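Take a look at the structure set out below.
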Amino acid sequence: MTDKPEKLIDKKGLRLDGRKPDELRPIKIEVGVISNADGSAYIEQGKNKVLAGIYGPREVHPKHLALPDRMVLKCRYHMAPFSVQERKSPAPSRREIELSKVIRESLEPAIFVEYYPRTMVDIFVEVLQADGGTRCASITAAALALADAGIPMRDIVVACAAGKAGDTIVLDLMDEEDKYGTADVPVALMPNLNAVTLLQMDGILSYDEFESAVNLAIEGCKKIYAMQKEAIRSKYASAKEEGEE
Amino acid sequence: MTDKPEKLIDKKGLRLDGRKPDELRPIKIEVGVISNADGSAYIEQGKNKVLAGIYGPREVHPKHLALPDRMVLKCRYHMAPFSVQERKSPAPSRREIELSKVIRESLEPAIFVEYYPRTMVDIFVEVLQADGGTRCASITAAALALADAGIPMRDIVVACAAGKAGDTIVLDLMDEEDKYGTADVPVALMPNLNAVTLLQMDGILSYDEFESAVNLAIEGCKKIYAMQKEAIRSKYASAKEEGEE
Amino acid sequence: MTDKPEKLIDKKGLRLDGRKPDELRPIKIEVGVISNADGSAYIEQGKNKVLAGIYGPREVHPKHLALPDRMVLKCRYHMAPFSVQERKSPAPSRREIELSKVIRESLEPAIFVEYYPRTMVDIFVEVLQADGGTRCASITAAALALADAGIPMRDIVVACAAGKAGDTIVLDLMDEEDKYGTADVPVALMPNLNAVTLLQMDGILSYDEFESAVNLAIEGCKKIYAMQKEAIRSKYASAKEEGEE
Amino acid sequence: MSAVITKVKQKEIAQLIEKGKRLDGRGLTDFREIKIEQGIIERAEGSARVRLGRTDVLVGTKIEFGEPFPDTPTEGVLTVTTELVPLASPVFEAGPPDENSIELARIVDRGIRESKAIDTEKLCIEPGKKVIVVFVDVYVLNHDGNLIDASALAAMGALLNTKVPNYEVEDGEVKTTSGHTQLPIRRNPVTVTFAKIGGKLIVDPWLEEEQVMDARLSIAIDDDGNICAIQKGGNGYFEPAMILEAAKIAKDKAKEIRKKLGW
Amino acid sequence: MSAVITKVKQKEIAQLIEKGKRLDGRGLTDFREIKIEQGIIERAEGSARVRLGRTDVLVGTKIEFGEPFPDTPTEGVLTVTTELVPLASPVFEAGPPDENSIELARIVDRGIRESKAIDTEKLCIEPGKKVIVVFVDVYVLNHDGNLIDASALAAMGALLNTKVPNYEVEDGEVKTTSGHTQLPIRRNPVTVTFAKIGGKLIVDPWLEEEQVMDARLSIAIDDDGNICAIQKGGNGYFEPAMILEAAKIAKDKAKEIRKKLGW
Amino acid sequence: MSAVITKVKQKEIAQLIEKGKRLDGRGLTDFREIKIEQGIIERAEGSARVRLGRTDVLVGTKIEFGEPFPDTPTEGVLTVTTELVPLASPVFEAGPPDENSIELARIVDRGIRESKAIDTEKLCIEPGKKVIVVFVDVYVLNHDGNLIDASALAAMGALLNTKVPNYEVEDGEVKTTSGHTQLPIRRNPVTVTFAKIGGKLIVDPWLEEEQVMDARLSIAIDDDGNICAIQKGGNGYFEPAMILEAAKIAKDKAKEIRKKLGW
C-alpha cells in the first residue's frame, strides 16, 4: 500500500509526479484493438490501462427487454483482479455496479438510440490497471469504441476529473490525489454541444472552488477530445494505407 | 440481548409484562397505509410492528407460471435488518422462506382463487420490529390488506398463538415467553368457518395441554377478529366522510 | 484423515489393500434401483457407492435450448455432503462442475443423439461415498442407467483408471493411491469400437509409462464391461421371471 | 399435471377413502412398510437409509468442531439440511434449496430439537468458544410421498449410530485422537404425517394422495407420548376437532413405530 | 409504461413547468411537505421515518463491534444499505439489490461520509483491531419520487438519535455494559435533488416528474454551505451553467430545510 | 450458428486437412505465431500477455498471506481462476464462471501443479498456520481458439516474473517489508492442444477449427519431456493409437516452444 504523502503540492506548486496543477497525465490511445468486438479502444492515462469493447447493435437478449422505439444500451464496468493493490474478487462489487450505471448514463445522451429500435448495444469496459480516474478513462475509451463500432452519435463523449489537492484546484487526479486529496469532480462532456453527461463529486468544496473545478475539468476534457479525434484519424489512415497496399 | 428471566409467571399468576394468562398484548391496527399498494394494513401487537401490502390481481410474471383455472398466490415475509436485536442480513433466511410458505398457506384457504384465473396476487409482509409472534401478526395484517385490496374471500383470516410459560397455558406469547417458555402454538383461523389454516408447534405439551392451548389460541383469534372488523369499518367510515365532505 | 502411508507397494509387490497391480477392487452393480427415474444403476467399487439416474428423453427446459437436429444431453455429478472425510458443502464445487462436463463428454459419443431431436436427457450422478475413482464409477453406472432407460447407444461406455503408485503401474486406484501415488490416468472406453471417450491425467509419467497405463486401464475397462453386461442380463432375467409369475 | 386429471383422481381417491379404503390397499391409518438400514456409509459419522414403501431417504451425519451460538454458549450445534436432488423425482430441480426443501429440513430439525433428542450440553468443549457441531444431511433418493416421516426417521436412525471422535484441546485448538464415543441421544421422537382428503384423515400419504390432498399435518411425538412439534401444510384447513383427533392417532402410531424399531 | 403516453405526459408537464407551474401546485423550487419522526423502532439503536409527500422512508441504525478497514485503522466503519422492498412500489422486485438500489445507497453513504458527519475517530476501540461499526439500513416503504433526498434525511435523522451502548474490553473481546452514549455527530448534510424537464430545473421531483425527466442532479450541502457530494443520473445532460445554478439553489434549500428541522 | 453451415464448413476444413493443409495456411502440427510480453501490469506481482495468432490472454498474479490447506500444512497455496469476460467474444456472458471457464482454470492449474512448477515448500511461513498464496488470474481479452495453450503459457510467463514481497512475522501477523524476491519456479511446463477433425490430428486449433472438431486433447509436458497432465474434451472420441501419437507430437512441440521462449 502506498503511504500517505506529506504534501500533495510542493513549494513550487508542482504535484507528486511533477505535474503542474492544470496538466494532464501522459495519455496513449489506440482504436480497434479487439478483433472479435464490433468496436474497441484502449487507453493508458498515467498508470491506468483500460480496454473498452462494443458488441452490437445485435438482438436483444432476453427478448422481452427489447424496446419498440429505441435500442437498449447496456454497460459493464469491470476491474481485473490484478488491477489494484489488493486482489479484487471477480464478482462485481457495489462500486462497479454503480460505475456501470453512471458510465452508461454518460454515454447514452450522445447516442441516437432511436436509429436502431429492438436492438441492443453492449459496452464492456475492462480495467486492467487502476491509477485513479478509471471511470473517466473508461468513458473516454468507450466513446471511441462506440465510434469504432459505427454507432451513430451526436458527439464523442470525453471525460476528465478535476479536484482539490491541498489547497489547489488540480486537473486529472492520480491515485494518491484521489485518496488523500480534498475533493474529486469527474466530468464527462460532449464538447461540441457543451453538454455535461457525467458529474459526480466526493469531498468538500465551496461554491467558488466547485465552479473552478468544473471549468478546469471541462478544459481537460477538451484536450483529451483532441487526442480522441487524432486516434480515430490515425486508425482510419492506417486502414486506408492497408487498403491501398 | 435480554437475559433469561427468573420466572415467566409471578406469584400472582401474572406475566412479565403484567398480563393475565389469557390476555392479549395491546393491539393497534390500521388499514390502507401504503398509497402504492392495491391493499395494505399495519399492525402493532406488543412491540411487533408489521406492514403488509398487496399487489394484484395482476399479470403473472414470469408468464409460464400462470394457471388456467386459478390465480397464483405469492407471499414474501421479510424482516428489516433493524427489526431484531442482532442486525439481520437483508438476504432471506431459511426461517423467512419457511414463514413465507406457511403464511401463504394460511391465507390461501380463504381466497376464492378461482375467481381470477391467469392472474397473480402478491402478499408482501415487512416486519419493522419483532417481539415474538410475528407470523401471527403478519397473517392478521395480510388478511386485512387482502380485504383492503378487494380480493374476494370466504372470511378474514386471523392468527394468534397460545403456549406454555412455566406451568401455565398463556395467550399471545411475547419475545421472552417465546424464547424461554415451554411451548408455542401459533394458530390461524377463519372464525366464521371454524377452520384452522395455520397450525405449528414448538416445545413439549401433553395432549391435554395441547388441547387447552389450541382452544385458548382460538379464543384469542376471535378477539383479534373483532378488531380487524373494526379497523375495516373505521377505514370505510373515514373514506365515506371524505367522500361526503 | 488418513495419514500418508509409508509405502504404496509392499515387498511382495502387493498394494495397501492386498491387490496385485493389475487387479480391480471388488465391484457390485445393480440396474433399475430408482423407481421414479426412467433408468438407473448403482455401483459399488471398493468403498465407492455411486447412484446414477436418467430422466428423459423429455421436453427441453428452458425451451429455447432445444436443438432441431439432436437431443440435448445434460449431466450433473454431485457428491453427498457425507460422502467424504470432511463434510462437503451441498453447493456444486468447481471440481464437480468440471467432472459433470467430462462425464457428459465421455457418454455423449455413445448416444445416437440425432434419434430424438428437440428432447433432453438428464444424467444425474450422486456419489454417496467416495473412495478414489468416483468419475470412472460414475461413468460406468451412468452408461448402465442410459441403457436401462432405453436410450439408443452405439455401445455401453465403461471407465477405469490406471496410474503409478510408487514405481509400479497399477489398475483402479483407491483413495490413498490417488492421493499419494505418482500419477492417475482415468480412461473411458467404448470397447466394441475401441474408442476412448474420456482421458485425463494427473501426475508425472514418461511416454512409456503412459502407454502402459493407458493399456492397463483399457484392460480394466474390458473386465468391468463384462460385469455391466451381466448386470443388464440379470435385470432382464428377473424382470422376465416377474413377468412369467 | 393437468388440473382436470387431478380433480378426477381426487374424486376417485376421496370416494375410496370415504369407504375406508386406499388405492394401495392400506387402511386409513396404516403406514407403508418401513425398512431401516443403519451405518451403511462408512465415511459418515452416522448414517441410516429409510424406505417407506418406495420413498427412499438416506441420512448421513458429520461431526465437526465449531463455535456455539451466542445465546447458547454451553450447547453443541445441530444443523439439518435436506437435498431434494433431481435424481429422486422428475419435479425436483438442481440448485439452491427451495421452500419445500427448506420446510422439510426445518420440520426434521424441529422434531429433534424440541424433543431435546440430543443431549447438547454434553457437546460443549469450552463454553462460548468450542462445541461439537452435528450436521444431519437428509438426502432424498426416491420421492414417493411423505418425505417428512421418512426423513425424520432416517435422521434419528443416523443420529442413533453416530460416533463422536475422541479429541483433546491444545492451545485452544481441538484435535481428534484415536477412538470415539457414541453421540449422546436422550429421546427418540417419531413424526406422523396426515393428509386430509375429502374431509377424512389418512396417515402416511403416498405420492398420488399428496397430489390430491387438501392439507397436511405432521405431528412429532416423543418417548413419553408428548407432542413436541407440529406443522400444518397445504392450501386447505382443518377443523379444530380433526386436529385433536390427529394428535391422538399420532400418539398411537408413534408408539407402534417405536416398538417396531426397538427404539 | 407505453412510450407514447410518456411523451404526451412529458409534454404536458414540461409545458406547465415552462409557465413556472407543476401538476401538484408547487413552485419549481418547492419541496413537498417534509415530516420526520425519530426513535420509532426501539430495537434499533437509532431510527427515523421521513415522509416527503407520499414518499415514505424508514431508516434504522444498528451498532456492532468489528474490524476497521486496513487503510483507516483508527476509524469506525459506516455501512449503508438500501432495500427497495416490493411492498413499496409495483416496479420494485425482491432479490439482491439492483443498480438503482446500490446507487441510492452509495449516494446516501457519500453524503454522510464526505461531509464527515460522523466523528469516526471516536469510534475506534483498539487501533487496527476493534472499532464500532454503524449500519444504516434504508428501508423504502412507499416510493412516490425523490427517494434520494428522503433517504438522506432519514439516514441523518436516524444517526442523530443513535445510541452507542457502553462497553468494556476484556481479553481482546468487546462486551457491552449497561448504559449508552450518543453517536458522535459533527455535521448535518442535506441533499437536494433536481430534475431537468424541458430545459428547466425543478426541485424534489415526484414520481410522475421522475418518469419524464431528462436527467437528475443531487447535491449534498454541509452545515457551512459547502458542497460535499454530487451525483448526476439519467440519460440526459446538463449545460455547465445549469449545474452552477443548481449548486446555488441547493445551498439555499439545504439551509431552509436545516432550519425547519432545527438541525 | 446454424448446424447446416457448420456441417458444410466441417467438410471443407476436413477435406483440406485430409490433404495436410489448413484454412490459414499452416501445416497440421504448426502453432500460430506466439508473442509474449511480460511484466506489463505494474500493480500485479507478476504478469504476462500471450498472443497466439489473434487469441489474446493476459495473466496477472497476486501474492497474499493466508492459511495452508489442512492436508498440505507446509506448502503455499496456488489458486487459478479464469475470466471469460464478454469483451473477448460474442459467446461469452457476464456472470459466475460456467463449465468452460472452470474447466480452463482447472487445466491451467493442473499443468502448473502436477509438474511441480512452483516450489511450494518454499512458500511456507509457519507450518499449518501461515503460507504464501499465489493467485493466478487468467483474463481472456480476445478468443480466437485454443485458449488452453495460450492461458497455460501466459500463466507460466506471469509466474516467471512474479515477485514475492519481503516480509516479517510479528505476533503471528505477517507484514510486508521493503524489497522482494523472485517466486521460486522449478519447472516450465508447456501445454499442447490437439483437435481431431475428420479422423486427423491437428495442433493449436483456431476458432473455426474448434467449431467443427470432433474432440480435443490437451497434453502438458514438463522440462524433461514427461507428461504431467492431460485433458480430453468435446463430444467425440480418440482411438488409443491416436492418443499415443498425440503424446509424441506434444513432446516435440513443447520442446520447440520452450526453446523459442528461452525457457
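A note on labels: chains of the C-alpha cells are A, B, ... as shown, every chain counts residues from 1, and ligands are counted from 1 in their shown order.
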
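Using only C-alpha atoms, the residues found no farther than 9 Å from Leu146 (chain C), other than those of its own chain fewer than 2 positions away, are Asp38, Gly39, Ser40, Ala41, Gly53, Ile54, Ile111, Ile123, Ala141, Ala142, Ala143, Leu144, Asp148, Ala149, Gly150, Ile151, Pro152, Met153 and Ile156 of chain C.
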
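DSSP secondary structure from the backbone places Thr134, Arg135, Cys136, Ala137, Ser138, Ile139, Thr140, Ala141, Ala142, Ala143, Leu144, Ala145, Leu146, Ala147 and Asp148 of chain A of region 126-172 of chain A in helix (DSSP H, G or I).
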
Chain C contacts to chain B at 12 Å (only C-alpha atoms) as number ranges by chain: C: 61-63

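CA of Met79 (chain A) is found 6.4 Å from CA of Leu128 (chain A).
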
Can you check which residues of chain A have any atom within 9 Å of chain F? Use only C-alpha atoms and format it as a VMD selection string. chain A and resid 34 to 37 47 49 51 to 55 76 80 to 87 90 to 92 123 to 126 128 to 130

Output N, CA, C and O atoms for every residue in that selection, as a short mmCIF file (atom, residue, chain, number, x, y, z; two decimals), in the first residue's frame.
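Once everything was written out, this is result_30.cif:
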```cif
data_model
loop_
_atom_site.label_atom_id
_atom_site.label_comp_id
_atom_site.auth_asym_id
_atom_site.auth_seq_id
_atom_site.Cartn_x
_atom_site.Cartn_y
_atom_site.Cartn_z
N ILE A 34 -9.48 -5.10 -30.39
CA ILE A 34 -10.05 -6.42 -30.10
C ILE A 34 -10.71 -6.93 -31.38
O ILE A 34 -11.73 -6.39 -31.80
N SER A 35 -10.15 -7.97 -31.99
CA SER A 35 -10.67 -8.36 -33.31
C SER A 35 -12.09 -8.89 -33.25
O SER A 35 -12.87 -8.72 -34.18
N ASN A 36 -12.49 -9.51 -32.15
CA ASN A 36 -13.85 -10.05 -32.05
C ASN A 36 -14.92 -8.98 -31.89
O ASN A 36 -16.07 -9.19 -32.25
N ALA A 37 -14.56 -7.84 -31.28
CA ALA A 37 -15.57 -6.83 -30.97
C ALA A 37 -15.96 -6.04 -32.21
O ALA A 37 -15.19 -5.95 -33.17
N LYS A 47 -0.95 5.55 -15.04
CA LYS A 47 -0.83 4.09 -14.98
C LYS A 47 -2.15 3.37 -15.24
O LYS A 47 -2.21 2.15 -15.16
N LYS A 49 -4.77 1.51 -17.26
CA LYS A 49 -4.81 0.79 -18.54
C LYS A 49 -6.22 0.25 -18.68
O LYS A 49 -6.64 -0.60 -17.89
N LEU A 51 -9.47 -1.07 -21.31
CA LEU A 51 -9.86 -1.60 -22.60
C LEU A 51 -11.39 -1.50 -22.69
O LEU A 51 -12.07 -1.87 -21.75
N ALA A 52 -11.90 -1.01 -23.80
CA ALA A 52 -13.35 -0.94 -23.98
C ALA A 52 -13.72 -1.62 -25.29
O ALA A 52 -13.02 -1.48 -26.29
N GLY A 53 -14.80 -2.39 -25.24
CA GLY A 53 -15.25 -3.08 -26.45
C GLY A 53 -16.74 -2.95 -26.61
O GLY A 53 -17.48 -2.87 -25.62
N ILE A 54 -17.20 -2.94 -27.85
CA ILE A 54 -18.63 -2.80 -28.15
C ILE A 54 -19.08 -4.02 -28.93
O ILE A 54 -18.39 -4.47 -29.85
N TYR A 55 -20.22 -4.59 -28.52
CA TYR A 55 -20.89 -5.60 -29.33
C TYR A 55 -22.27 -5.08 -29.65
O TYR A 55 -23.05 -4.76 -28.77
N ARG A 76 -21.10 -2.61 -18.80
CA ARG A 76 -20.47 -3.35 -17.70
C ARG A 76 -19.05 -2.83 -17.52
O ARG A 76 -18.20 -3.01 -18.38
N ALA A 80 -10.09 -6.04 -13.49
CA ALA A 80 -9.36 -7.30 -13.38
C ALA A 80 -8.89 -7.49 -11.93
O ALA A 80 -8.58 -6.50 -11.25
N PRO A 81 -8.85 -8.73 -11.47
CA PRO A 81 -8.45 -8.98 -10.07
C PRO A 81 -7.07 -8.39 -9.74
O PRO A 81 -6.81 -7.99 -8.62
N PHE A 82 -6.21 -8.32 -10.76
CA PHE A 82 -4.83 -7.87 -10.51
C PHE A 82 -4.65 -6.39 -10.82
O PHE A 82 -3.53 -5.91 -10.84
N SER A 83 -5.76 -5.67 -11.05
CA SER A 83 -5.64 -4.27 -11.48
C SER A 83 -5.37 -3.32 -10.33
O SER A 83 -5.02 -2.17 -10.54
N VAL A 84 -5.56 -3.81 -9.11
CA VAL A 84 -5.40 -2.96 -7.93
C VAL A 84 -4.44 -3.60 -6.93
O VAL A 84 -4.09 -4.78 -7.06
N GLN A 85 -4.06 -2.83 -5.92
CA GLN A 85 -3.06 -3.30 -4.95
C GLN A 85 -3.50 -4.61 -4.28
O GLN A 85 -2.80 -5.60 -4.35
N GLU A 86 -4.66 -4.59 -3.63
CA GLU A 86 -5.21 -5.80 -3.01
C GLU A 86 -6.05 -6.51 -4.06
O GLU A 86 -6.92 -5.91 -4.65
N ARG A 87 -5.82 -7.82 -4.23
CA ARG A 87 -6.56 -8.55 -5.26
C ARG A 87 -8.07 -8.34 -5.11
O ARG A 87 -8.62 -8.47 -4.02
N PRO A 90 -13.41 -11.41 -8.43
CA PRO A 90 -14.00 -11.22 -9.76
C PRO A 90 -15.49 -10.84 -9.74
O PRO A 90 -15.98 -10.24 -10.68
N ALA A 91 -16.20 -11.17 -8.67
CA ALA A 91 -17.63 -10.84 -8.61
C ALA A 91 -17.78 -9.33 -8.61
O ALA A 91 -16.98 -8.62 -8.00
N PRO A 92 -18.81 -8.80 -9.30
CA PRO A 92 -18.96 -7.34 -9.38
C PRO A 92 -19.24 -6.72 -8.02
O PRO A 92 -20.12 -7.18 -7.29
N ILE A 123 -21.71 -2.33 -24.00
CA ILE A 123 -20.44 -1.66 -23.76
C ILE A 123 -19.72 -2.43 -22.66
O ILE A 123 -20.23 -2.55 -21.55
N PHE A 124 -18.56 -2.98 -22.99
CA PHE A 124 -17.79 -3.71 -21.97
C PHE A 124 -16.49 -2.96 -21.69
O PHE A 124 -15.70 -2.72 -22.60
N VAL A 125 -16.30 -2.60 -20.45
CA VAL A 125 -15.08 -1.90 -20.06
C VAL A 125 -14.30 -2.78 -19.11
O VAL A 125 -14.83 -3.26 -18.11
N GLU A 126 -13.05 -3.03 -19.41
CA GLU A 126 -12.19 -3.83 -18.53
C GLU A 126 -11.02 -2.97 -18.07
O GLU A 126 -10.21 -2.51 -18.89
N LEU A 128 -7.64 -2.93 -16.68
CA LEU A 128 -6.53 -3.87 -16.50
C LEU A 128 -5.58 -3.38 -15.41
O LEU A 128 -4.94 -4.17 -14.74
N GLN A 129 -5.50 -2.07 -15.25
CA GLN A 129 -4.73 -1.48 -14.16
C GLN A 129 -5.37 -0.16 -13.78
O GLN A 129 -5.77 0.61 -14.65
N ALA A 130 -5.47 0.09 -12.47
CA ALA A 130 -6.18 1.26 -11.97
C ALA A 130 -5.22 2.22 -11.29
O ALA A 130 -4.34 1.81 -10.55
#
```

Nearby residues (only C-alpha atoms) at most 7 Å from Met120 (chain B), same-chain spacing under 6 positions excluded, as a PDB file with C-alpha atoms, in the first residue's frame:
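Output saved as around_39.pdb:
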```pdb
ATOM      1  CA  GLY B  56     -52.768  -7.658  -7.653  1.00  0.00           C
ATOM      2  CA  PRO B  57     -54.627  -9.323  -9.157  1.00  0.00           C
ATOM      3  CA  ARG B  58     -52.042  -8.562 -11.843  1.00  0.00           C
ATOM      4  CA  GLU B  59     -50.293 -10.252 -14.754  1.00  0.00           C
ATOM      5  CA  VAL B  60     -48.316 -13.327 -13.823  1.00  0.00           C
ATOM      6  CA  MET B  71     -54.866 -17.197  -9.506  1.00  0.00           C
ATOM      7  CA  VAL B  72     -51.293 -17.677  -8.375  1.00  0.00           C
ATOM      8  CA  LEU B  73     -50.740 -16.538  -4.802  1.00  0.00           C
TER       9      LEU B  73
END
```

Identify, on the basis of only C-alpha atoms, every residue whose closest approach to region 11-24 of chain E does not exceed 8 Å; exclude the query and any residue fewer than 6 positions from it along the same chain; express the result as a VMD selection string. chain E and resid 197 to 198 200 209

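A straight line drawn from CA of Leu24 (chain C) to CA of Val170 (chain C) is 9.4 Å long.
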
Where does DSSP see strand (DSSP E or B) in region 40-138 of chain A, if you list the residues as a PyMOL selection string? chain A and resi 40-45+48-59+72-79+111+119-129

Could you save those same residues with N, CA and C atoms as a CSV table (one decimal), in the first residue's frame?
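New file again-v4.csv:
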```csv
chain,number,residue,atom,x,y,z
A,40,SER,N,-13.7,-1.2,-30.6
A,40,SER,CA,-12.9,-1.3,-29.4
A,40,SER,C,-11.9,-0.1,-29.3
A,41,ALA,N,-11.4,0.1,-28.1
A,41,ALA,CA,-10.4,1.1,-27.9
A,41,ALA,C,-9.6,0.8,-26.6
A,42,TYR,N,-8.4,1.3,-26.6
A,42,TYR,CA,-7.5,1.1,-25.4
A,42,TYR,C,-7.0,2.4,-25.0
A,43,ILE,N,-7.0,2.7,-23.7
A,43,ILE,CA,-6.4,4.0,-23.2
A,43,ILE,C,-5.4,3.7,-22.1
A,44,GLU,N,-4.3,4.4,-22.1
A,44,GLU,CA,-3.4,4.5,-21.0
A,44,GLU,C,-3.4,5.9,-20.5
A,45,GLN,N,-3.7,6.2,-19.3
A,45,GLN,CA,-3.8,7.6,-18.7
A,45,GLN,C,-3.0,7.5,-17.4
A,48,ASN,N,-3.2,4.1,-15.5
A,48,ASN,CA,-4.5,3.4,-15.9
A,48,ASN,C,-4.3,2.7,-17.2
A,49,LYS,N,-4.8,1.5,-17.3
A,49,LYS,CA,-4.8,0.8,-18.5
A,49,LYS,C,-6.2,0.3,-18.7
A,50,VAL,N,-7.0,0.8,-19.7
A,50,VAL,CA,-8.4,0.4,-19.8
A,50,VAL,C,-8.7,0.0,-21.2
A,51,LEU,N,-9.5,-1.1,-21.3
A,51,LEU,CA,-9.9,-1.6,-22.6
A,51,LEU,C,-11.4,-1.5,-22.7
A,52,ALA,N,-11.9,-1.0,-23.8
A,52,ALA,CA,-13.4,-0.9,-24.0
A,52,ALA,C,-13.7,-1.6,-25.3
A,53,GLY,N,-14.8,-2.4,-25.2
A,53,GLY,CA,-15.2,-3.1,-26.5
A,53,GLY,C,-16.7,-3.0,-26.6
A,54,ILE,N,-17.2,-2.9,-27.8
A,54,ILE,CA,-18.6,-2.8,-28.2
A,54,ILE,C,-19.1,-4.0,-28.9
A,55,TYR,N,-20.2,-4.6,-28.5
A,55,TYR,CA,-20.9,-5.6,-29.3
A,55,TYR,C,-22.3,-5.1,-29.7
A,56,GLY,N,-22.6,-5.0,-30.9
A,56,GLY,CA,-23.9,-4.5,-31.3
A,56,GLY,C,-23.8,-3.5,-32.4
A,57,PRO,N,-25.0,-3.0,-32.9
A,57,PRO,CA,-26.3,-3.4,-32.5
A,57,PRO,C,-26.6,-4.9,-32.8
A,58,ARG,N,-27.1,-5.6,-31.8
A,58,ARG,CA,-27.4,-7.0,-32.0
A,58,ARG,C,-28.8,-7.3,-31.4
A,59,GLU,N,-29.2,-8.6,-31.5
A,59,GLU,CA,-30.5,-9.0,-31.0
A,59,GLU,C,-30.5,-8.8,-29.5
A,72,VAL,N,-31.6,-0.8,-26.8
A,72,VAL,CA,-31.3,-0.9,-25.3
A,72,VAL,C,-29.8,-0.8,-25.2
A,73,LEU,N,-29.3,0.0,-24.3
A,73,LEU,CA,-27.9,0.2,-24.1
A,73,LEU,C,-27.5,-0.4,-22.8
A,74,LYS,N,-26.5,-1.3,-22.8
A,74,LYS,CA,-26.0,-1.9,-21.6
A,74,LYS,C,-24.6,-1.6,-21.4
A,75,CYS,N,-24.2,-1.6,-20.1
A,75,CYS,CA,-22.8,-1.2,-19.9
A,75,CYS,C,-22.3,-2.1,-18.7
A,76,ARG,N,-21.1,-2.6,-18.8
A,76,ARG,CA,-20.5,-3.3,-17.7
A,76,ARG,C,-19.0,-2.8,-17.5
A,77,TYR,N,-18.8,-2.2,-16.4
A,77,TYR,CA,-17.5,-1.7,-16.0
A,77,TYR,C,-17.0,-2.8,-15.1
A,78,HIS,N,-15.8,-3.3,-15.3
A,78,HIS,CA,-15.3,-4.4,-14.6
A,78,HIS,C,-13.8,-4.2,-14.4
A,79,MET,N,-13.3,-4.6,-13.2
A,79,MET,CA,-11.9,-4.5,-12.9
A,79,MET,C,-11.2,-5.9,-12.9
A,111,ILE,N,-25.8,9.1,-28.0
A,111,ILE,CA,-26.2,8.1,-29.0
A,111,ILE,C,-27.6,8.3,-29.6
A,119,THR,N,-33.0,-3.3,-30.9
A,119,THR,CA,-31.6,-3.9,-30.8
A,119,THR,C,-31.0,-3.6,-29.5
A,120,MET,N,-29.8,-4.1,-29.3
A,120,MET,CA,-29.1,-3.9,-28.0
A,120,MET,C,-27.6,-3.6,-28.4
A,121,VAL,N,-27.1,-2.7,-27.6
A,121,VAL,CA,-25.6,-2.4,-27.8
A,121,VAL,C,-25.0,-2.6,-26.4
A,122,ASP,N,-24.0,-3.5,-26.4
A,122,ASP,CA,-23.3,-3.8,-25.1
A,122,ASP,C,-21.9,-3.0,-25.1
A,123,ILE,N,-21.7,-2.3,-24.0
A,123,ILE,CA,-20.4,-1.7,-23.8
A,123,ILE,C,-19.7,-2.4,-22.7
A,124,PHE,N,-18.6,-3.0,-23.0
A,124,PHE,CA,-17.8,-3.7,-22.0
A,124,PHE,C,-16.5,-3.0,-21.7
A,125,VAL,N,-16.3,-2.6,-20.5
A,125,VAL,CA,-15.1,-1.9,-20.1
A,125,VAL,C,-14.3,-2.8,-19.1
A,126,GLU,N,-13.0,-3.0,-19.4
A,126,GLU,CA,-12.2,-3.8,-18.5
A,126,GLU,C,-11.0,-3.0,-18.1
A,127,VAL,N,-11.0,-2.8,-16.8
A,127,VAL,CA,-9.8,-2.0,-16.2
A,127,VAL,C,-8.7,-3.0,-15.9
A,128,LEU,N,-7.6,-2.9,-16.7
A,128,LEU,CA,-6.5,-3.9,-16.5
A,128,LEU,C,-5.6,-3.4,-15.4
A,129,GLN,N,-5.5,-2.1,-15.3
A,129,GLN,CA,-4.7,-1.5,-14.2
A,129,GLN,C,-5.4,-0.2,-13.8
```

So how far away is CA of Ile27 (chain C) from CA of Ile103 (chain C), in Å? 19.8 Å

Give me, as a list in words, all polymer residues having an atom no more than 7 Å from region 66-79 of chain E, counting only C-alpha atoms and skipping those fewer than 5 positions away in the same chain. Thr120, Glu121, Leu123, Cys124, Pro127, Gly128, Lys129, Lys130, Val131, Ile132, Val133, Val134, Phe135 and Val136 of chain E

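Residues within 12 Å of Pro5 (chain A), counting only C-alpha atoms and excluding same-chain residues fewer than 4 positions away, are Met1, Ile9, Asp10, Arg15, Leu16, Asp17, Ala165, Gly166, Asp175, Glu176, Glu177, Lys179, Tyr180 and Gly181 of chain A.
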
Expected file contents, prior selection, C-alpha atoms, as a PDB file, in the first residue's frame:
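And here's selection16.pdb as it stands now:
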```
ATOM      1  CA  MET A   1       0.000   0.000   0.000  1.00  0.00           C
ATOM      2  CA  ILE A   9       1.659  20.022  -3.762  1.00  0.00           C
ATOM      3  CA  ASP A  10       5.294  21.083  -3.266  1.00  0.00           C
ATOM      4  CA  ARG A  15       2.366  17.726  -7.843  1.00  0.00           C
ATOM      5  CA  LEU A  16       3.792  14.395  -6.644  1.00  0.00           C
ATOM      6  CA  ASP A  17       4.529  13.304 -10.195  1.00  0.00           C
ATOM      7  CA  ALA A 165      -5.286  18.613  -3.648  1.00  0.00           C
ATOM      8  CA  GLY A 166      -4.021  20.509  -0.647  1.00  0.00           C
ATOM      9  CA  ASP A 175      -4.293   7.647  -7.283  1.00  0.00           C
ATOM     10  CA  GLU A 176      -2.693   9.493  -4.328  1.00  0.00           C
ATOM     11  CA  GLU A 177      -4.539  12.728  -5.051  1.00  0.00           C
ATOM     12  CA  LYS A 179      -7.145   9.093  -1.946  1.00  0.00           C
ATOM     13  CA  TYR A 180      -5.611  11.912   0.055  1.00  0.00           C
ATOM     14  CA  GLY A 181      -6.940  14.962  -1.761  1.00  0.00           C
TER      15      GLY A 181
END
```
